[in-house]
Amino acid sequence: MTVMTTHLITGAGSGIGAAVARRLHDRGDELVLLARDAGRAREIAARYPGARTLVADLSDPDRISWALSHQEVPDRIDTLLHIAGVVDLGPVGELTPKAWHHQLNTNLIAPAELTRQFLPQLRITQGHVVFVNSGAGLNAHAEWGAYAASKHGLKALADSLRAEEHGNGVRVTSVYPGRTSSPMQAKVHSQEGREYDPDRWIAPESVATTVLTAIDLPRDAEINDLTVRPGR
């Protein structure tokens, strides 16, 4: 009996997450899609017939464990794909604690908590955790302080997890895309006061290709860090 590969994906509603979900669904893999509320779960599940959904609000990581305890979580997880994220630009002198908490909770603490929740399944399958980070996780620029801090923290989380779980056979990859055409990028341009031209930036499908390259790599190797920059 063939065992289907099961992927748990955050951020499957748009951008890179949607591109990854489409590719994995099209090749027949099992999808478990995490959504922030029941309405969003129904919306994204309709796009991927046969996919399962879980509901948890990543902006409130203290309640993720409680939310999952009231749902039927999958017994098997082969890959955990952290793709969801939020961004709010602003100078350090103006960013409020609310802006800091929102980005740190969603971009860093929630991925840590989800990883904690599903590590038992990942250890059994000798699975793979993928953190879709950002170029801001490697370099911080003016007005990107809170977002970059959350993404620098995500790099540290991935590096620590890799060292801790190597002996259990769990692979860990960080992907650092540059600017990618997505609703988030449109919001960034709006915050920067710039006109948004999606054709200038990386297509989400190109980042999805890098994610699939990492998870499809034979077991004798592991991609730790993968940086993807605009090619035009």
# chains A, B, ... in the order shown; residues from 1 in each chain; ligands from 1
$ select_by_dssp --residues "range 64-121 of chain A" --states "strand (DSSP E or B)" --output "PyMOL selection string"
chain A and resi 79-82
$ select_by_dssp --residues "range 36-224 of chain A" --states "alpha helix (DSSP H)" --output "number ranges by chain"
A: 38-47, 64-69, 97-104, 110-125, 145-165, 183-192, 204-216
$ closest_residue --among "A:Asp26, A:Asp78, A:Glu195, A:Asp57" --to "Phe118 in chain A" --atoms "only C-alpha atoms"
A:Asp78
$ residues_around --residues "Leu89 in chain A" --least-positions-apart "5" --cutoff "7 Å" --atoms "only C-alpha atoms" --output "ChimeraX atom specification"
/A:143-144,191
$ write_last_selection --atoms "all heavy atoms" --output "CSV table (one decimal), in the first residue's frame"
chain,number,residue,atom,x,y,z
A,143,GLU,N,13.1,51.2,8.3
A,143,GLU,CA,11.7,51.0,8.4
A,143,GLU,C,11.2,49.6,8.3
A,143,GLU,O,10.0,49.3,8.3
A,143,GLU,CB,10.9,51.9,7.4
A,143,GLU,CG,11.2,53.4,7.6
A,143,GLU,CD,10.2,54.3,6.9
A,143,GLU,OE1,9.3,53.8,6.3
A,143,GLU,OE2,10.4,55.5,7.0
A,144,TRP,N,12.2,48.6,8.3
A,144,TRP,CA,11.8,47.2,8.3
A,144,TRP,C,12.2,46.6,9.6
A,144,TRP,O,12.2,45.3,9.7
A,144,TRP,CB,12.6,46.5,7.2
A,144,TRP,CG,12.1,46.8,5.8
A,144,TRP,CD1,12.3,48.0,5.1
A,144,TRP,CD2,11.3,46.0,5.0
A,144,TRP,NE1,11.7,47.9,3.9
A,144,TRP,CE2,11.0,46.7,3.8
A,144,TRP,CE3,10.7,44.7,5.1
A,144,TRP,CZ2,10.3,46.2,2.7
A,144,TRP,CZ3,10.0,44.2,4.1
A,144,TRP,CH2,9.7,44.9,2.9
A,191,GLN,N,2.7,50.9,1.5
A,191,GLN,CA,3.3,51.5,2.7
A,191,GLN,C,4.6,52.3,2.4
A,191,GLN,O,4.9,53.3,3.0
A,191,GLN,CB,3.7,50.4,3.7
A,191,GLN,CG,2.5,49.7,4.3
A,191,GLN,CD,2.9,48.6,5.3
A,191,GLN,OE1,4.0,48.2,5.3
A,191,GLN,NE2,1.9,48.2,6.1
$ residues_around --residues "Ser150 in chain A" --least-positions-apart "5" --cutoff "6 Å" --atoms "only C-alpha atoms" --output "list in words"
Leu104, Asn107 and Leu108 of chain A
$ atom_distance --atom1 "CA of Ile215 in chain A" --atom2 "CA of Arg36 in chain A"
25.0 Å
$ residues_around --residues "Phe131 in chain A" --least-positions-apart "2" --cutoff "9 Å" --atoms "only C-alpha atoms" --output "VMD selection string"
chain A and resid 80 to 83 111 129 133 154 to 155 158 172 to 176
$ closest_residue --among "A:Ser14, A:Thr210, A:Asn139, A:Gln117" --to "Ser65 in chain A" --atoms "only C-alpha atoms"
A:Gln117
$ closest_residue --among "A:Gly13, A:Ile77, A:Lys151, A:Ser59" --to "Leu31 in chain A" --atoms "only C-alpha atoms"
A:Ile77
